[in-house]
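To be precise, the following lines are start_33.csv, and they hold CSV, C-alpha atoms.
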```csv
chain,number,residue,atom,x,y,z
A,1,SER,CA,103.8,124.8,116.3
A,2,GLN,CA,104.3,123.4,119.8
A,3,GLN,CA,101.1,122.2,121.5
A,4,GLY,CA,102.3,120.0,124.3
A,5,GLU,CA,104.9,120.3,127.0
A,6,GLU,CA,106.0,117.3,128.9
A,7,ASP,CA,107.4,117.0,132.3
A,8,PRO,CA,109.9,115.7,133.2
A,9,GLN,CA,112.1,115.8,130.2
A,10,ALA,CA,114.0,112.8,131.6
A,11,LEU,CA,113.1,110.3,134.3
A,12,SER,CA,115.3,107.5,135.7
A,13,ILE,CA,113.9,105.0,138.1
A,14,GLN,CA,114.5,101.5,139.4
A,15,GLU,CA,112.7,98.5,138.0
A,16,GLY,CA,109.5,97.8,139.8
A,17,GLU,CA,108.9,101.4,140.7
A,18,ASN,CA,106.1,103.5,139.2
A,19,ALA,CA,106.7,106.2,136.6
A,20,THR,CA,104.6,109.2,136.1
A,21,MET,CA,104.8,111.6,133.2
A,22,ASN,CA,102.8,114.8,132.7
A,23,CYS,CA,101.7,116.6,129.6
A,24,SER,CA,100.2,120.0,129.2
A,25,TYR,CA,98.6,121.5,126.1
A,26,LYS,CA,97.2,124.8,124.9
A,27,THR,CA,94.1,124.4,122.8
A,28,SER,CA,90.8,122.6,123.1
A,29,ILE,CA,91.0,118.9,122.1
A,30,ASN,CA,88.8,116.0,121.0
A,31,ASN,CA,91.2,113.5,122.4
A,32,LEU,CA,94.7,113.0,123.7
A,33,GLN,CA,97.0,110.1,122.8
A,34,TRP,CA,100.1,108.7,124.3
A,35,TYR,CA,102.8,107.0,122.2
A,36,ARG,CA,106.0,105.2,123.1
A,37,GLN,CA,109.2,105.3,121.0
A,38,ASN,CA,112.0,102.9,121.6
A,39,SER,CA,115.5,104.0,120.5
A,40,GLY,CA,115.8,104.0,116.7
A,41,ARG,CA,112.2,102.8,116.2
A,42,GLY,CA,108.9,104.3,115.2
A,43,LEU,CA,106.2,105.4,117.6
A,44,VAL,CA,103.8,102.9,119.1
A,45,HIS,CA,100.3,103.9,120.1
A,46,LEU,CA,99.6,103.2,123.8
A,47,ILE,CA,96.3,104.7,124.7
A,48,LEU,CA,93.8,107.3,123.7
A,49,ILE,CA,91.6,109.3,126.1
A,50,ARG,CA,88.6,111.3,124.8
A,51,SER,CA,88.0,114.8,126.1
A,52,ASN,CA,84.9,113.6,128.0
A,53,GLU,CA,86.8,111.0,129.8
A,54,ARG,CA,88.8,111.6,133.0
A,55,GLU,CA,90.7,108.3,133.4
A,56,LYS,CA,91.5,105.3,131.4
A,57,HIS,CA,93.4,102.1,132.1
A,58,SER,CA,95.2,99.6,129.8
A,59,GLY,CA,97.2,96.9,131.5
A,60,ARG,CA,99.9,98.7,133.6
A,61,LEU,CA,99.1,102.0,132.1
A,62,ARG,CA,96.8,104.6,133.7
A,63,VAL,CA,96.1,107.9,131.9
A,64,THR,CA,94.2,110.8,133.4
A,65,LEU,CA,92.9,113.9,131.6
A,66,ASP,CA,92.0,117.2,133.2
A,67,THR,CA,90.5,119.4,130.5
A,68,SER,CA,90.1,122.4,132.9
A,69,LYS,CA,93.8,122.4,133.5
A,70,LYS,CA,94.6,121.3,129.9
A,71,SER,CA,96.8,118.5,131.3
A,72,SER,CA,97.2,114.7,131.2
A,73,SER,CA,99.4,112.2,133.1
A,74,LEU,CA,100.6,108.8,132.2
A,75,LEU,CA,101.4,106.4,135.0
A,76,ILE,CA,103.3,103.2,134.3
A,77,THR,CA,103.1,100.8,137.3
A,78,ALA,CA,105.6,98.1,138.2
A,79,SER,CA,108.0,99.3,135.6
A,80,ARG,CA,110.2,96.9,133.7
A,81,ALA,CA,113.5,97.3,131.8
A,82,ALA,CA,111.5,97.0,128.6
A,83,ASP,CA,109.6,100.2,129.4
A,84,THR,CA,112.8,102.2,128.7
A,85,ALA,CA,111.8,104.5,125.9
A,86,SER,CA,110.6,108.0,125.1
A,87,TYR,CA,107.0,108.8,125.7
A,88,PHE,CA,105.1,111.4,123.8
A,89,CYS,CA,101.6,112.8,124.3
A,90,ALA,CA,99.8,114.0,121.2
A,91,THR,CA,96.7,116.1,120.7
A,92,ASP,CA,94.5,116.7,117.8
A,93,VAL,CA,94.6,120.4,116.8
A,94,ILE,CA,91.8,120.3,114.1
A,95,GLN,CA,88.3,119.4,115.3
A,96,GLY,CA,87.4,116.1,113.7
A,97,ALA,CA,90.7,115.4,112.0
A,98,GLN,CA,93.8,113.4,112.7
A,99,LYS,CA,96.3,116.2,112.6
A,100,LEU,CA,98.4,115.5,115.7
A,101,VAL,CA,100.9,117.7,117.5
A,102,PHE,CA,103.3,115.9,119.8
A,103,GLY,CA,104.7,117.1,123.1
A,104,GLN,CA,108.4,117.3,123.7
A,105,GLY,CA,108.5,113.9,125.2
A,106,THR,CA,109.8,112.3,128.4
A,107,ARG,CA,112.9,110.0,128.2
A,108,LEU,CA,112.3,107.2,130.6
A,109,THR,CA,115.1,104.9,131.8
A,110,ILE,CA,114.4,101.9,133.9
A,111,ASN,CA,117.4,100.6,135.8
A,112,PRO,CA,117.6,96.9,136.5
B,1,ASP,CA,107.2,94.1,113.6
B,2,THR,CA,105.4,97.1,112.4
B,3,GLU,CA,102.5,97.1,110.0
B,4,VAL,CA,103.9,100.1,108.2
B,5,THR,CA,107.0,99.3,106.2
B,6,GLN,CA,109.5,102.0,105.3
B,7,THR,CA,112.5,101.6,102.9
B,8,PRO,CA,115.4,102.2,103.0
B,9,LYS,CA,116.2,102.1,106.7
B,10,HIS,CA,119.2,104.3,106.3
B,11,LEU,CA,120.1,106.7,103.5
B,12,VAL,CA,123.2,108.8,102.9
B,13,MET,CA,123.1,111.3,100.1
B,14,GLY,CA,124.9,114.3,98.8
B,15,MET,CA,123.2,117.6,98.4
B,16,THR,CA,122.9,117.2,94.6
B,17,ASN,CA,121.4,113.7,94.7
B,18,LYS,CA,117.8,112.7,94.0
B,19,LYS,CA,116.4,109.9,96.1
B,20,SER,CA,113.1,108.6,97.3
B,21,LEU,CA,111.8,107.2,100.5
B,22,LYS,CA,109.0,104.6,100.4
B,23,CYS,CA,106.3,103.6,102.7
B,24,GLU,CA,103.7,100.8,102.5
B,25,GLN,CA,100.8,99.7,104.5
B,26,HIS,CA,98.2,96.9,103.9
B,27,MET,CA,95.8,97.7,106.7
B,28,GLY,CA,93.3,99.4,104.4
B,29,HIS,CA,94.0,102.8,105.9
B,30,ARG,CA,93.0,105.8,103.8
B,31,ALA,CA,95.2,108.4,105.5
B,32,MET,CA,99.0,108.5,105.3
B,33,TYR,CA,101.4,110.9,106.9
B,34,TRP,CA,105.0,111.9,106.6
B,35,TYR,CA,106.8,113.2,109.7
B,36,LYS,CA,110.3,114.6,110.3
B,37,GLN,CA,112.0,113.9,113.6
B,38,LYS,CA,115.3,115.4,114.7
B,39,ALA,CA,117.3,113.8,117.6
B,40,LYS,CA,115.6,114.1,121.0
B,41,LYS,CA,112.7,116.0,119.5
B,42,PRO,CA,109.1,115.1,118.8
B,43,PRO,CA,107.9,114.2,115.3
B,44,GLU,CA,106.8,117.1,113.2
B,45,LEU,CA,104.1,116.7,110.6
B,46,MET,CA,105.1,117.4,107.0
B,47,PHE,CA,102.3,116.0,104.8
B,48,VAL,CA,99.0,114.3,105.0
B,49,TYR,CA,97.3,112.3,102.3
B,50,SER,CA,93.6,111.4,102.6
B,51,TYR,CA,92.1,109.1,100.0
B,52,GLU,CA,95.3,109.6,97.9
B,53,LYS,CA,94.9,113.3,97.8
B,54,LEU,CA,97.2,115.8,99.5
B,55,SER,CA,95.3,117.3,102.4
B,56,ILE,CA,97.9,119.0,104.4
B,57,ASN,CA,101.3,120.5,103.5
B,58,GLU,CA,102.9,122.1,106.5
B,59,SER,CA,104.8,124.6,104.5
B,60,VAL,CA,107.5,122.1,103.6
B,61,PRO,CA,110.2,123.3,101.2
B,62,SER,CA,109.8,122.1,97.6
B,63,ARG,CA,112.9,120.0,97.8
B,64,PHE,CA,110.6,117.5,99.5
B,65,SER,CA,107.9,116.2,97.1
B,66,PRO,CA,105.4,113.7,98.3
B,67,GLU,CA,103.5,111.2,96.1
B,68,CYS,CA,100.7,108.8,96.9
B,69,PRO,CA,100.5,106.4,93.9
B,70,ASN,CA,97.7,104.3,95.5
B,71,SER,CA,96.0,103.8,98.9
B,72,SER,CA,98.8,101.5,100.1
B,73,LEU,CA,101.9,103.4,99.0
B,74,LEU,CA,103.4,106.7,100.0
B,75,ASN,CA,106.6,108.1,98.6
B,76,LEU,CA,108.8,111.1,99.5
B,77,HIS,CA,111.0,112.3,96.7
B,78,LEU,CA,114.1,114.2,97.8
B,79,HIS,CA,116.2,116.6,95.7
B,80,ALA,CA,118.9,119.1,96.5
B,81,LEU,CA,118.6,118.6,100.3
B,82,GLN,CA,120.5,120.6,102.8
B,83,PRO,CA,122.5,119.2,105.8
B,84,GLU,CA,119.8,120.4,108.2
B,85,ASP,CA,117.4,118.0,106.5
B,86,SER,CA,119.3,115.1,108.1
B,87,ALA,CA,116.7,113.5,110.4
B,88,LEU,CA,114.6,110.4,110.9
B,89,TYR,CA,111.7,110.4,108.5
B,90,LEU,CA,108.6,108.6,109.7
B,91,CYS,CA,105.6,107.4,107.8
B,92,ALA,CA,102.3,106.7,109.5
B,93,SER,CA,98.8,105.7,108.6
B,94,SER,CA,95.4,105.8,110.1
B,95,GLN,CA,92.0,104.5,109.2
B,96,ASP,CA,90.9,107.9,108.0
B,97,PHE,CA,92.1,111.5,108.4
B,98,TRP,CA,88.6,112.9,109.1
B,99,ASN,CA,86.9,111.3,112.0
B,100,ARG,CA,83.8,110.3,110.0
B,101,LYS,CA,83.1,107.0,111.7
B,102,SER,CA,85.1,107.1,114.9
B,103,SER,CA,87.3,109.4,116.7
B,104,ASN,CA,89.3,106.5,118.1
B,105,GLN,CA,92.0,106.5,115.5
B,106,PRO,CA,95.5,105.8,116.5
B,107,GLN,CA,98.2,106.4,114.0
B,108,HIS,CA,100.4,103.4,113.1
B,109,PHE,CA,104.1,104.3,112.5
B,110,GLY,CA,106.8,102.7,110.5
B,111,ASP,CA,110.4,102.5,111.9
B,112,GLY,CA,111.5,105.3,109.7
B,113,THR,CA,114.3,106.1,107.3
B,114,ARG,CA,117.4,107.7,108.9
B,115,LEU,CA,118.6,110.2,106.4
B,116,SER,CA,122.0,111.8,106.4
B,117,ILE,CA,122.9,114.6,104.0
B,118,LEU,CA,126.6,115.1,103.3
```

Could you quickly redo this structure as structure tokens?
Amino acid sequence: SQQGEEDPQALSIQEGENATMNCSYKTSINNLQWYRQNSGRGLVHLILIRSNEREKHSGRLRVTLDTSKKSSSLLITASRAADTASYFCATDVIQGAQKLVFGQGTRLTINP
Amino acid sequence: DTEVTQTPKHLVMGMTNKKSLKCEQHMGHRAMYWYKQKAKKPPELMFVYSYEKLSINESVPSRFSPECPNSSLLNLHLHALQPEDSALYLCASSQDFWNRKSSNQPQHFGDGTRLSIL
């Protein structure tokens, strides 16, 4: 089942610029997570935001969550070539359990 | 380097073959997961093991047979696969499937096995 929609599907920016990706979901959640996937690799967990949190920071990452709109955004500041990857949001679809459903993902390309 | 190790990295098999994918983690995690990922798509959950017991089977065809021999190992046995089963198969683990102690539980992924069915 598809829980998350991500926007845009693809994003290409210059190194040093900020990148913003958005995620919308359909059901109530406990938390929302963002993962990164480099080409040909597995997913790497970036950040988790709980449903009672509105904003969270980790290094160059800033995540916001608006539960009233069922949406989240991931901002990467001062982008680097190494940030080139696909980014997925994931939501827990069973209360109190780690069953995650992933959004469609945003393919981010950072041009040097 | 990932903390979840998957072997083999690549696998090519015919539709009549039997093969197995292996996954190993030594983080003491008690939940392990199999996902299937097609190109340019998100991972889709197949199976979840919690404390070595199958907790979730997402209506996966019986040609895929999971096994969890112990808390560190997860296998996926493959038999009579179809060409549409060609995909990247990802294994993941987390501290627990049920958020008994904490809801702050990221999943740790291996780099996957890229499977091609001829």

Given all atoms listed in the file, how would the per-residue table for chain A near chain B read, listing every residue at most 6 Å away with its closest atom pair and distance in Å to one decimal, sorted by chain and number, as CSV?
```
residue,atom,partner,partner_atom,distance
A:Arg41,CA,B:Asp111,CA,4.7
A:Gly42,CA,B:Asp111,CA,4.0
A:Leu43,CA,B:Phe109,CA,5.6
A:Gly96,CA,B:Asn99,CA,5.1
A:Ala97,CA,B:Trp98,CA,4.4
A:Gln98,CA,B:Phe97,CA,5.0
A:Phe102,CA,B:Pro42,CA,5.9
A:Gln104,CA,B:Pro42,CA,5.4
```

Just how far from atom CA of Ser86 of chain A is atom CA of Arg36 of chain A, in Å to one decimal?
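It comes out at 5.7 Å.
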
So which residues touch Asp85 of chain B within 8 Å, counting all atoms listed in the file, skipping near sequence neighbours fewer than 6 positions away, as a PyMOL selection string?
chain B and resi 115-117

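Among B:Ser50, B:Ser71, B:Gln25, B:Ser55, the residue with the shortest atom-to-atom distance to Gln6 of chain B, counting all atoms listed in the file, is B:Gln25.
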
Which residues are close to Gly14 of chain B, i.e. within 6 Å by all atoms listed in the file, leaving aside same-chain residues fewer than 2 positions away? Reply as a compact mmCIF listing (two decimals) with C-alpha atoms, in the coordinates of the input.
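Output file out_11.txt follows:
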```txt
# COMPACT_ATOMS: atom_id res chain seq x y z
CA THR B 16 122.90 117.20 94.60
CA ASN B 17 121.40 113.70 94.70
CA ILE B 117 122.90 114.60 104.00
CA LEU B 118 126.60 115.10 103.30
```

Report, in Å with one decimal, the straight-line distance from atom CA of Trp34 of chain A to atom CA of Ile110 of chain A.
18.5 Å

To one decimal place in Å, what is the distance between atom CA of Asn30 of chain A and atom CA of Val93 of chain A?
8.4 Å
